[in-house]
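*Asks:* Can you read through this structure? Questions will come right after.
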4 protein chains.
Amino acid sequence: MSINSFGHLFRLTTWGESHGPALGATVDGCPPGVTVDEAMIQQWLDKRKPGQNKYTTQRREADEVKILSGVFEGQTTGTPIQLMIENIDQRSKDYGDIAEKFRPGHADITYWQKYGIRDYRGGGRSSARETASRVAAGGLARAALAKLAPEIEIKGYMTRMGTHEIDREQFDWDQIDQNPFWVPDAAAAETWASYLDGLRKSGSSVGAVIEVVARGVPAGLGAPVYGKLDTDLAAAMMSINAVKGVEIGEGMSAAMLTGELNADEISMGPNGPEYSSNHSGGILGGISTGQDVVVRFAVKPTSSILQTRKTITKSGEAAEIITKGRHDPCVGIRAVPVGEAMMACVILDHLLLDRGQTGGVRGPIG
Amino acid sequence: MSINSFGHLFRLTTWGESHGPALGATVDGCPPGVTVDEAMIQQWLDKRKPGQNKYTTQRREADEVKILSGVFEGQTTGTPIQLMIENIDQRSKDYGDIAEKFRPGHADITYWQKYGIRDYRGGGRSSARETASRVAAGGLARAALAKLAPEIEIKGYMTRMGTHEIDREQFDWDQIDQNPFWVPDAAAAETWASYLDGLRKSGSSVGAVIEVVARGVPAGLGAPVYGKLDTDLAAAMMSINAVKGVEIGEGMSAAMLTGELNADEISMGPNGPEYSSNHSGGILGGISTGQDVVVRFAVKPTSSILQTRKTITKSGEAAEIITKGRHDPCVGIRAVPVGEAMMACVILDHLLLDRGQTGGVRGPIG
Amino acid sequence: MSINSFGHLFRLTTWGESHGPALGATVDGCPPGVTVDEAMIQQWLDKRKPGQNKYTTQRREADEVKILSGVFEGQTTGTPIQLMIENIDQRSKDYGDIAEKFRPGHADITYWQKYGIRDYRGGGRSSARETASRVAAGGLARAALAKLAPEIEIKGYMTRMGTHEIDREQFDWDQIDQNPFWVPDAAAAETWASYLDGLRKSGSSVGAVIEVVARGVPAGLGAPVYGKLDTDLAAAMMSINAVKGVEIGEGMSAAMLTGELNADEISMGPNGPEYSSNHSGGILGGISTGQDVVVRFAVKPTSSILQTRKTITKSGEAAEIITKGRHDPCVGIRAVPVGEAMMACVILDHLLLDRGQTGGVRGPIG
Amino acid sequence: MSINSFGHLFRLTTWGESHGPALGATVDGCPPGVTVDEAMIQQWLDKRKPGQNKYTTQRREADEVKILSGVFEGQTTGTPIQLMIENIDQRSKDYGDIAEKFRPGHADITYWQKYGIRDYRGGGRSSARETASRVAAGGLARAALAKLAPEIEIKGYMTRMGTHEIDREQFDWDQIDQNPFWVPDAAAAETWASYLDGLRKSGSSVGAVIEVVARGVPAGLGAPVYGKLDTDLAAAMMSINAVKGVEIGEGMSAAMLTGELNADEISMGPNGPEYSSNHSGGILGGISTGQDVVVRFAVKPTSSILQTRKTITKSGEAAEIITKGRHDPCVGIRAVPVGEAMMACVILDHLLLDRGQTGGVRGPIG
């Protein structure tokens with residue numbers, strides 16, 4: 001019932017604060033015999049690492065992962081895997097202001113109210129730094145998937161930044177890694193760059209929508225009715241800092257459709273059932289259909305901005321606050337690898353859960 | 001790790017199929033000394049009960065709940081509470097067509113693929129009838145909340161039906177119970193009635209958006225980072241049949257806002273902190289702020305429609321299907337009490353979880 | 001975290017009180033495609049059923065199980081299985097005495113102190129009637145094992161009744177079902193009969209030790225370090241009413257041995273490793289070795305006896321109590337099928353858990 | 001469902017191997033505002049630390065604990081607490097023999113069979129070094145108990161070493177810390193010393209029985225029927241390396257008693273109910289009575305001995321093995337602080353669980 005754990009069989013528990021000595025993920029239930037090393041996990045952390053361009057916080061963090069347990073001679077042993085990331089950049093600075101005042105839109109005030117104590121250094125546990133632990137665990141999940149289901153491919157990208165949305169007509173998979181926004185549209189990348197630059201200079205910030213797709217997921221994953229694949233994906237994404245909405249397939253727009261438009265028609269293909277469309281986002285009744293699993297989530301704009309906001313102090317006095325520091329004008333950018341990591345953890349977890357209960361039995365069609 | 005259970009301390013496990021002898025909820029962890037009887041729970045089931053007007057399925061179900069355990073002399077004893085609902089309307093009919101063909105947009109095909117066996121009678125476990133168990137458990141949760149936190153009020157309503165959305169300017173709490181759509185807008189109720197009537201007659205169906213609000217929720221509920229209040233609400237709502245999207249507060253639109261617009265400013269009021277707005281939906285860092293907790297979810301249109309759709313049979317042959325029967329042109333209507341029930345369960349669960357870990361300690365402000 | 005649930009993947013939640021309308025087990029995570037019907041489960045309930053001879057309570061209960069969900073056309077569907085047993089014998093009697101006075105050695109006083117309310121009718125939730133739900137769930141587990149691992153055989157028997165212990169030299173499997181005590185020794189059966197008869201007539205009661213063996217369990221079951229096979233067996237048995245001690249293999253006596261005497265030597269047999277002895281009880285490091293899994297537990301004597309005992313009333317006054325009624329002079333007798341049921345549930349659960357994490361991979365020897 | 005986690009609300013997940021870079025415990029659900037630092041935890045680790053006298057392994061380990069998260073300015077914050085212990089003594093040695101041969105009585109063979117890979121260095125995950133993580137978590141639990149229930153006192157001691165048992169008549173609390181065996185009997189300490197010395201010199205080892213008592217535990221802790229206080233204690237102790245039996249109160253001997261002898265009579269004392277005896281071990285129906293909570297467990301003798309034993313190699317060939325190295329002639333000695341730690345974790349966990357569900361309500365007596 002651990003409140004800092006996620007997953008059924010492949011279960012991660014993240015720990016650590018923004019400015020403590022270290023943070024990490026304790027991963028339990030990983031299958032044995034999975035080939036993995038620190039470099040394989042590091043590649044994903046590097047994707048999330050701050051300070052890589054002017055669009056992300058300039059905080060300098062190596063985000064170097066260390067495997068402290070559960071791996072022997074390059075393979076997982078089936079025992080708990082401790083993934084630790086030491087915090088390098090803990091520059092001593094005056095937190096007085098943040099220690100006394102609550103930042104609007106931040107968890108400062110709720111952590112204080114709930115616990116009566118809070119680590120105000122960089123937001124402590126509520127900091128987006130926690131997501132580094134998720135990315136590390138996700139890297140491990142990807143290594144396990146590479147062994148158990150190599151055909152599965154997981155990819156995330158931005159579909160919206162503030163008022164700008166991508167043009168689905170221009171969707172280009174190869175563009176995703178070609179720009180700092182992981183946007184599948186070269187033209188959008190340019191527009192968004194100047195748009196975000198303006199926001200950054202004005203000390204503002206903006207939200208974003210990230211879409212994560214898992215291809216090659218076999219039909220049959222998901223455990224109705226409270227361990228549904230979409231239920232776990234919704235929890236996985238909503239648990240990420242700053243996320244305010246989650247959609248599967250058609251998402252909120254499904255409300256606008258009629259039954260005949262929304263239901264994906266079925267036909268028989270060479271390798272099994274095929275669908276005329278994917279409004280379902282690859283999930284029916286909480287179980288994967290074999291189509292692409294598509295999840296989308298919205299990230300709110302950072303509330304740490306250089307503009308003055310009204311707030312109160314711990315003693316209840318009215319105050320104004322400007323959050324100086326090294327923040328992301330669009331945290332959504334760095335949420336892309338985080339979303340991918342959560343998708344990898346959920347898919348692996350359900351692969352294990354399914355073979356545990358059903359032994360991989362499948363009802364034949366045709 | 002029970003896949004058909006939900007909740008941390010207040011934990012429900014639902015069981016039963018659409019056309020089996022009975023279905024229900026086994027509720028564990030309910031506080032002792034809560035005054036409750038079948039009538040108190042029945043009132044909520046009646047709200048969800050089908051066949052109450054022409055806009056919901058004409059299937060006749062009394063949906064009469066029986067308390068089989070955990071209540072003694074009108075009070076909960078702290079032991080498991082079994083809430084059972086017997087299925088009355090199990091009219092023997094020819095399911096041949098549904099038994100052999102997969103309904104597009106339905107869980108027929110995925111249940112078959114995953115388990116190699118499925119109870120095709122009315123959708124079996126994947127039927128929306130499962131939500132009756134949730135409403136029963138939610139009724140129990142409301143009874144417990146009435147004792148533990150009587151100031152909490154939970155209310156759900158529709159904000160969209162297909163292409164029609166409510167006019168927030170016309171929002172009227174008192175209208176919600178005055179129309180068959182639980183819509184807080186008298187004018188909308190009329191428009192929607194004719195709109196839905198047309199769809200019903202054409203044998204079509206349409207989706208909807210439901211919003212559920214919990215007022216009077218104290219600050220401090222929610223357990224970061226994987227037991228966040230919004231994470232559990234997202235899981236709770238996404239686990240409901242046909243739900244494809246979940247939003248907290250500003251939801252997906254948060255992506256379009258700038259930091260200064262999105263962050264709710266804080267001031268000191270007579271009873272503690274007050275906020276200039278509620279973009280956060282009453283949750284910051286996964287913990288309740290004391291403002292209204294606001295969650296929204298989209299329900300897709302029923303795929304059981306009277307229009308011909310292409311599909312395949314178990315033997316893989318191409319086929320066409322029309323789902324005759326007694327279906328809801330807009331299942332969203334009956335999803336309103338279900339959303340309220342899940343909200344009640346989540347809030348109660350977090351009340352217990354919070355007092356378990358913190359003992360109700362709160363950081364003083366002012 | 002459900003406190004009335006047991007198991008990881010094959011998970012049972014029991015509910016119900018001694019004199020309520022019904023009790024049962026909600027079983028989640030059962031594999032699909034398991035052939036099972038009520039008769040297959042009833043056979044085990046009949047073994048535990050009271051009133052079969054003068055050595056067990058004369059309370060008359062049919063203990064008839066009904067399957068309310070999760071089984072379709074004679075096979076499990078992979079969805080929750082509700083096993084319900086209605087209480088027939090709820091003779092209205094005057095519980096005044098038990099309602100006001102606390103029975104020494106009973107849970108009366110602790111339930112009252114913990115919950116501030118208790119169902120005093122026959123002990124309510126603390127009654128040994130709860131074990132009927134376990135036996136029903138165990139019957140289902142046996143049906144699943146018959147499909148997944150037909151070579152597994154589970155057998156329980158008494159090794160001690162009060163001051164009488166069996167003579168291991170006389171151990172005879174075929175005798176177990178030939179006497180009312182499930183004792184593997186014909187001579188002992190006779191001695192114990194007259195011994196217990198005397199105790200019964202004097203209105204006294206006595207404890208017992210039950211041993212449960214699982215043969216044919218493959219090597220590799222058990223999940224160190226908190227989901228060890230022996231850890232789960234210890235929890236399973238200790239959770240049974242009146243159990244005060246649990247032993248694996250050599251048990252408490254292991255403390256008296258030296259390393260060379262305790263360690264079972266290993267040799268290579270035609271079908272894999274063989275052991276010179278089984279002090280380990282078939283478990284090393286929490287994982288099954290392939291030898292017989294042997295667990296033993298002690299059941300205390302019923303405290304409901306016809307002899308006067310000193311106690312107090314709810315108002316704190318000194319009092320004396322004699323528990324009239326239809327009690328077991330040796331509850332240990334009926335604990336035998338309960339122990340078997342818990343063994344079946346634990347073994348099945350670990351079969352599923354193991355194939356979930358490892359996929360059934362095994363390190364080759366030879 | 002994490003298999004390397006223990007506890008409901010106060011939940012520890014241990015990780016790490018005998019000869020890896022580090023091991024530790026990730027503790028979730030700790031109450032906020034608990035005063036704790038590394039020294040407070042270190043004192044308990046020092047009690048378990050090897051090499052303190054000739055009766056324990058000469059392996060040199062500082063067992064120095066580091067708090068990596070969850071504590072800010074000397075107080076717990078309510079977020080996960082990472083307790084890490086780095087392994088100092090990883091002397092490079094030739095493990096060839098142990099790598100190829102399976103030690104009788106060890107988990108070598110079962111880990112290999114289950115996972116197909118094992119960290120053979122010092123037993124890897126199956127090493128008793130894992131218990132250091134438990135002691136660290138237990139130290140934290142003690143700190144929390146000191147705040148929540150300062151009246152609770154937890155003490156462990158040996159009651160048997162091999163063929164020698166203590167004389168209850170000579171029981172002396174003050175002696176426990178005065179000898180290397182934590183035995184509450186000065187005379188026994190001397191006898192045991194020479195006895196163990198003899199075994200050590202002959203390269204043999206012996207088992208032991210440890211008893212752990214918790215005084216001052218309030219009535220009402222424990223959650224029937226699968227989260228019973230005794231059930232969790234049984235699981236807690238059985239999960240410790242080399243433990244083969246667990247007893248509560250009268251334990252296995254309860255089987256020999258009659259109902260009138262076993263049931264503790266109740267009378268009214270100045271501070272509530274009092275009992276004529278404590279056969280129940282302070283637990284009735286899985287709930288604490290307010291008497292001393294008494295648990296006992298048996299530890300088998302180390303199988304790593306200097307005497308030749310028959311075994312097989314990975315390739316299945318017959319072989320002989322002598323385990324050289326720095327082992328404990330009686331691991332039971334160091335199991336004392338481990339048993340205390342598990343008791344502390346279970347009691348704290350149930351304090352939180354109880355106030356979560358009941359809010360601390362108690363039924364009045366008198």
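Identifiers in the structure tokens: chain A, B, ... in order shown; residue index from 1 per chain; ligand index from 1 in order shown.
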For Glu165 (chain C), find every residue with an atom within 10 Å (counting only C-alpha atoms), except residues of its own chain fewer than 5 positions away, and show them as a list of chain:residue names.

*Replies:*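 What passes the distance filter is C:Met158, C:Thr159, C:Arg160, C:Val183, C:Ala188, C:Trp192, C:Ala208, C:Val209, D:Met256.
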
*Asks:* Would you pick out the contacts of region 119-124 of chain D at 9 Å or less, using only C-alpha atoms, so that residues sharing its chain but fewer than 3 positions from it are not included, and give the list as a PyMOL selection string?

*Replies:* (chain A and resi 70-73+77) or (chain D and resi 16-20+95+98-99+106-108+127-129)

*Asks:* Once you count only C-alpha atoms, which residues of chain D turn out to be within 6 Å of chain B? Could you give them as an mmCIF file with N, CA and C atoms, in the first residue's frame?

*Replies:*
```cif
data_model
loop_
_atom_site.group_PDB
_atom_site.id
_atom_site.type_symbol
_atom_site.label_atom_id
_atom_site.label_comp_id
_atom_site.auth_asym_id
_atom_site.auth_seq_id
_atom_site.Cartn_x
_atom_site.Cartn_y
_atom_site.Cartn_z
ATOM 1 N N MET D 1 2.231 -4.865 -3.864
ATOM 2 C CA MET D 1 2.414 -6.324 -3.809
ATOM 3 C C MET D 1 3.905 -6.665 -3.807
ATOM 4 N N PRO D 31 5.463 8.595 9.910
ATOM 5 C CA PRO D 31 4.794 9.836 10.302
ATOM 6 C C PRO D 31 5.761 11.013 10.203
ATOM 7 N N LEU D 352 -0.439 2.961 13.328
ATOM 8 C CA LEU D 352 -0.888 3.829 12.240
ATOM 9 C C LEU D 352 -2.144 3.272 11.584
ATOM 10 N N LEU D 353 -2.146 1.966 11.351
ATOM 11 C CA LEU D 353 -3.282 1.316 10.702
ATOM 12 C C LEU D 353 -4.541 1.458 11.559
ATOM 13 N N ARG D 355 -5.208 3.807 13.891
ATOM 14 C CA ARG D 355 -5.753 5.173 13.958
ATOM 15 C C ARG D 355 -6.305 5.580 12.611
ATOM 16 N N GLY D 356 -5.806 4.936 11.540
ATOM 17 C CA GLY D 356 -6.371 5.211 10.224
ATOM 18 C C GLY D 356 -7.807 4.734 10.135
ATOM 19 N N GLN D 357 -8.040 3.482 10.532
ATOM 20 C CA GLN D 357 -9.407 2.949 10.409
ATOM 21 C C GLN D 357 -10.343 3.397 11.523
ATOM 22 N N THR D 358 -9.857 3.321 12.772
ATOM 23 C CA THR D 358 -10.773 3.608 13.891
ATOM 24 C C THR D 358 -10.634 5.028 14.441
#
```

*Asks:* From a DSSP pass on the backbone, collect the residues of region 145-255 of chain A flagged as strand (DSSP E or B) and hand them back as a list of chain:residue names.

*Replies:*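 Strand (DSSP E or B) members of region 145-255 of chain A, listed: A:Glu153, A:Ile154, A:Lys155, A:Gly156, A:Tyr157, A:Met158, A:Thr159, A:Arg160, A:Met161, A:His164, A:Glu165, A:Val206, A:Ala208, A:Val209, A:Ile210, A:Glu211, A:Val212, A:Val213, A:Ala214, A:Arg215, A:Ala223, A:Gly227, A:Val243, A:Lys244, A:Gly245, A:Val246, A:Glu247, A:Ile248.
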
*Asks:* Write the residues of the preceding selection, restricted to C-alpha atoms, as a compact mmCIF listing (two decimals), in the first residue's frame.

*Replies:*
```
# COMPACT_ATOMS: atom_id res chain seq x y z
CA GLU A 153 8.49 0.49 -29.35
CA ILE A 154 7.72 3.46 -27.08
CA LYS A 155 7.88 7.04 -28.29
CA GLY A 156 6.75 10.36 -26.80
CA TYR A 157 6.46 13.83 -28.35
CA MET A 158 4.80 17.19 -27.83
CA THR A 159 1.55 17.92 -29.62
CA ARG A 160 0.89 21.32 -28.06
CA MET A 161 2.88 24.14 -26.51
CA HIS A 164 0.37 26.24 -30.59
CA GLU A 165 -0.71 22.77 -31.66
CA VAL A 206 3.66 27.95 -20.61
CA ALA A 208 2.12 21.68 -23.01
CA VAL A 209 0.49 18.45 -24.15
CA ILE A 210 2.59 15.31 -24.52
CA GLU A 211 1.50 12.21 -26.40
CA VAL A 212 3.13 8.83 -25.77
CA VAL A 213 2.61 5.89 -28.11
CA ALA A 214 3.47 2.25 -27.52
CA ARG A 215 3.62 0.21 -30.74
CA ALA A 223 -6.61 -6.45 -15.82
CA GLY A 227 -6.13 -2.78 -12.92
CA VAL A 243 0.01 17.04 -14.99
CA LYS A 244 -3.66 18.10 -14.96
CA GLY A 245 -5.29 15.87 -17.55
CA VAL A 246 -4.92 12.45 -19.15
CA GLU A 247 -6.52 11.09 -22.30
CA ILE A 248 -6.62 7.66 -23.93
```

*Asks:* Smallest atom-to-atom distance to Gly220 (chain B): which of B:Gly285, B:Gly138, B:Gly366, B:Pro21, using only C-alpha atoms?

*Replies:*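 Ranking B:Gly285, B:Gly138, B:Gly366, B:Pro21 by distance to Gly220 (chain B), first place goes to B:Gly285.
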
*Asks:* So that I can check the secondary structure, give me every residue of region 152-342 of chain D assigned alpha helix (DSSP H) by backbone DSSP, as a ChimeraX atom specification.

*Replies:* /D:186-201,229-238,259-262,332-342

*Asks:* Excluding same-chain residues fewer than 5 positions from Glu317 (chain A), what lies within 9 Å of it counting only C-alpha atoms, as a ChimeraX atom specification?

*Replies:* /A:311-312 /B:267-268,366

*Asks:* Find, counting only C-alpha atoms, the residue in B:Asp28, B:Asp230, B:Glu265, B:Glu130 that gets nearest to Gly251 (chain B).

*Replies:*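 For Gly251 (chain B), the nearest of the given residues is B:Asp230.
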
*Asks:* Just want the 12 Å neighbourhood of Ser239 (chain C), counted on only C-alpha atoms, with same-chain residues fewer than 6 positions away dropped. Output as a ChimeraX atom specification.

*Replies:* /C:3-6,126,128,130-131,134,232-233,245-246,297-299,335,338-339,342 /D:222-235,248,284-287

*Asks:* Convert the current residue selection to file output with N, CA, C and O atoms, as a compact mmCIF listing (two decimals), in the first residue's frame.

*Replies:*
```
# COMPACT_ATOMS: atom_id res chain seq x y z
N ILE C 3 -7.17 -5.48 4.75
CA ILE C 3 -6.83 -6.26 5.94
C ILE C 3 -7.60 -7.57 6.05
O ILE C 3 -7.29 -8.41 6.86
N ASN C 4 -8.59 -7.74 5.20
CA ASN C 4 -9.32 -9.00 5.19
C ASN C 4 -9.06 -9.79 3.91
O ASN C 4 -9.86 -10.63 3.51
N SER C 5 -7.94 -9.47 3.29
CA SER C 5 -7.54 -10.17 2.07
C SER C 5 -6.23 -10.90 2.31
O SER C 5 -5.44 -10.50 3.17
N PHE C 6 -6.01 -11.96 1.52
CA PHE C 6 -4.78 -12.73 1.62
C PHE C 6 -4.33 -13.17 0.25
O PHE C 6 -5.15 -13.60 -0.56
N SER C 126 -15.18 -12.88 14.71
CA SER C 126 -14.06 -13.62 15.30
C SER C 126 -14.36 -15.12 15.42
O SER C 126 -13.53 -15.90 15.84
N ALA C 128 -14.97 -19.04 14.49
CA ALA C 128 -14.28 -19.99 13.60
C ALA C 128 -15.09 -20.24 12.33
O ALA C 128 -14.59 -20.84 11.38
N GLU C 130 -15.61 -18.23 10.15
CA GLU C 130 -14.90 -17.53 9.07
C GLU C 130 -14.07 -18.52 8.27
O GLU C 130 -13.86 -18.35 7.05
N THR C 131 -13.63 -19.59 8.92
CA THR C 131 -12.75 -20.54 8.23
C THR C 131 -13.48 -21.31 7.12
O THR C 131 -12.85 -21.87 6.24
N ARG C 134 -12.52 -19.81 3.99
CA ARG C 134 -11.17 -20.21 3.57
C ARG C 134 -11.21 -21.56 2.86
O ARG C 134 -10.54 -21.77 1.84
N ASP C 232 4.80 -16.65 3.85
CA ASP C 232 3.38 -16.64 3.52
C ASP C 232 2.64 -17.80 4.18
O ASP C 232 1.48 -17.66 4.59
N LEU C 233 3.31 -18.94 4.31
CA LEU C 233 2.67 -20.07 5.00
C LEU C 233 2.49 -19.74 6.48
O LEU C 233 1.46 -20.07 7.08
N GLY C 245 1.08 -21.08 17.10
CA GLY C 245 2.46 -21.35 16.68
C GLY C 245 2.49 -21.99 15.31
O GLY C 245 1.56 -22.70 14.93
N VAL C 246 3.55 -21.68 14.55
CA VAL C 246 3.73 -22.24 13.21
C VAL C 246 5.16 -22.71 13.05
O VAL C 246 6.10 -22.01 13.46
N PHE C 297 1.15 -26.43 12.67
CA PHE C 297 0.66 -25.33 13.52
C PHE C 297 -0.11 -25.85 14.71
O PHE C 297 -0.72 -26.92 14.67
N ALA C 298 -0.03 -25.08 15.80
CA ALA C 298 -0.70 -25.46 17.04
C ALA C 298 -1.99 -24.67 17.21
O ALA C 298 -2.01 -23.46 17.02
N VAL C 299 -3.04 -25.38 17.57
CA VAL C 299 -4.34 -24.76 17.83
C VAL C 299 -4.61 -24.83 19.33
O VAL C 299 -4.51 -25.89 19.93
N ALA C 335 -9.73 -27.92 12.12
CA ALA C 335 -8.69 -27.03 11.57
C ALA C 335 -7.89 -27.73 10.48
O ALA C 335 -7.19 -27.09 9.70
N VAL C 338 -8.95 -26.72 7.09
CA VAL C 338 -8.65 -25.29 6.97
C VAL C 338 -7.17 -25.10 6.62
O VAL C 338 -6.80 -24.33 5.73
N GLY C 339 -6.31 -25.86 7.31
CA GLY C 339 -4.88 -25.79 7.03
C GLY C 339 -4.58 -26.24 5.61
O GLY C 339 -3.75 -25.63 4.92
N MET C 342 -5.51 -23.37 3.23
CA MET C 342 -4.55 -22.27 3.20
C MET C 342 -3.29 -22.69 2.43
O MET C 342 -2.71 -21.90 1.68
N GLY D 222 -4.16 -4.35 15.80
CA GLY D 222 -4.31 -5.59 15.05
C GLY D 222 -5.59 -5.51 14.22
O GLY D 222 -6.58 -4.97 14.68
N ALA D 223 -5.52 -6.02 13.00
CA ALA D 223 -6.66 -5.89 12.09
C ALA D 223 -7.11 -7.25 11.57
O ALA D 223 -6.58 -7.74 10.58
N PRO D 224 -8.05 -7.89 12.27
CA PRO D 224 -8.55 -9.18 11.80
C PRO D 224 -9.14 -9.05 10.38
O PRO D 224 -9.65 -7.99 10.03
N VAL D 225 -9.13 -10.18 9.58
CA VAL D 225 -8.58 -11.46 9.96
C VAL D 225 -7.26 -11.80 9.26
O VAL D 225 -6.65 -12.80 9.59
N TYR D 226 -6.84 -10.98 8.28
CA TYR D 226 -5.55 -11.30 7.64
C TYR D 226 -4.46 -10.29 7.98
O TYR D 226 -3.33 -10.45 7.55
N GLY D 227 -4.85 -9.26 8.71
CA GLY D 227 -3.86 -8.29 9.17
C GLY D 227 -3.78 -8.35 10.68
O GLY D 227 -3.53 -7.35 11.35
N LYS D 228 -4.04 -9.55 11.22
CA LYS D 228 -3.96 -9.72 12.67
C LYS D 228 -2.56 -9.37 13.16
O LYS D 228 -1.58 -9.57 12.43
N LEU D 229 -2.48 -8.90 14.39
CA LEU D 229 -1.18 -8.56 14.96
C LEU D 229 -0.28 -9.78 14.99
O LEU D 229 0.90 -9.72 14.64
N ASP D 230 -0.82 -10.92 15.38
CA ASP D 230 0.02 -12.13 15.44
C ASP D 230 0.37 -12.66 14.05
O ASP D 230 1.46 -13.18 13.83
N THR D 231 -0.54 -12.45 13.09
CA THR D 231 -0.24 -12.87 11.72
C THR D 231 0.95 -12.07 11.18
O THR D 231 1.89 -12.64 10.62
N ASP D 232 0.91 -10.77 11.39
CA ASP D 232 2.01 -9.94 10.90
C ASP D 232 3.31 -10.22 11.65
O ASP D 232 4.39 -10.19 11.06
N LEU D 233 3.21 -10.53 12.94
CA LEU D 233 4.42 -10.87 13.69
C LEU D 233 5.00 -12.19 13.19
O LEU D 233 6.22 -12.35 13.06
N ALA D 234 4.12 -13.14 12.88
CA ALA D 234 4.59 -14.43 12.37
C ALA D 234 5.30 -14.23 11.04
O ALA D 234 6.38 -14.78 10.82
N ALA D 235 4.72 -13.42 10.17
CA ALA D 235 5.35 -13.16 8.87
C ALA D 235 6.67 -12.42 9.07
O ALA D 235 7.68 -12.74 8.45
N ILE D 248 3.46 -17.46 19.46
CA ILE D 248 2.88 -16.32 20.16
C ILE D 248 2.43 -16.82 21.53
O ILE D 248 1.72 -17.82 21.62
N LEU D 284 -5.52 -11.47 21.43
CA LEU D 284 -6.74 -12.27 21.35
C LEU D 284 -7.48 -11.89 20.07
O LEU D 284 -7.73 -10.71 19.82
N GLY D 285 -7.79 -12.88 19.25
CA GLY D 285 -8.49 -12.60 17.99
C GLY D 285 -7.68 -11.71 17.06
O GLY D 285 -8.23 -11.02 16.22
N GLY D 286 -6.36 -11.71 17.26
CA GLY D 286 -5.50 -10.91 16.39
C GLY D 286 -5.32 -9.47 16.85
O GLY D 286 -4.65 -8.69 16.19
N ILE D 287 -5.93 -9.14 17.98
CA ILE D 287 -5.90 -7.77 18.51
C ILE D 287 -5.20 -7.75 19.88
O ILE D 287 -5.41 -8.65 20.70
```

*Asks:* Report the distance between CA of Phe171 (chain D) and CA of Pro337 (chain D) in Å, rounded to one decimal place.

*Replies:*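 Distance between the two atoms: 19.0 Å.
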
*Asks:* Contacts of Ser202 (chain D) at 12 Å or less, counting only C-alpha atoms, minus same-chain residues fewer than 2 places along, as a list of chain:residue names?

*Replies:* C:Thr258, C:Gly259, C:Glu260, D:Tyr195, D:Leu196, D:Asp197, D:Gly198, D:Leu199, D:Arg200, D:Ser204, D:Ser205, D:Val206, D:Ile305, D:Leu306, D:Gln307, D:Pro329

*Asks:* Within 6 Å of Thr289 (chain A), counting only C-alpha atoms, which residues show up once you throw out same-chain ones fewer than 5 positions away? Write them as a list in words, please.

*Replies:*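 After dropping sequence-adjacent residues, the list is Ala219, Gly282 and Ile283 of chain A.
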
*Asks:* Skipping near chain neighbours, those fewer than 3 positions away, what residues fall within 12 Å of Lys54 (chain A) using only C-alpha atoms, listed as a PyMOL selection string?

*Replies:* chain A and resi 50-51+57-59+180-181+193-194+196-201+326-330+333

*Asks:* Can you work out the spacing between CA of Ile41 (chain A) and CA of Gly139 (chain A) in Å, to one decimal?

*Replies:*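 Answer for the CA of Ile41 (chain A) to CA of Gly139 (chain A) separation: 4.7 Å.
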
*Asks:* Interatomic distance between CA of Tyr115 (chain A) and CA of Gly272 (chain B)?

*Replies:*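 If I compute the distance from CA of Tyr115 (chain A) to CA of Gly272 (chain B), I get 16.4 Å.
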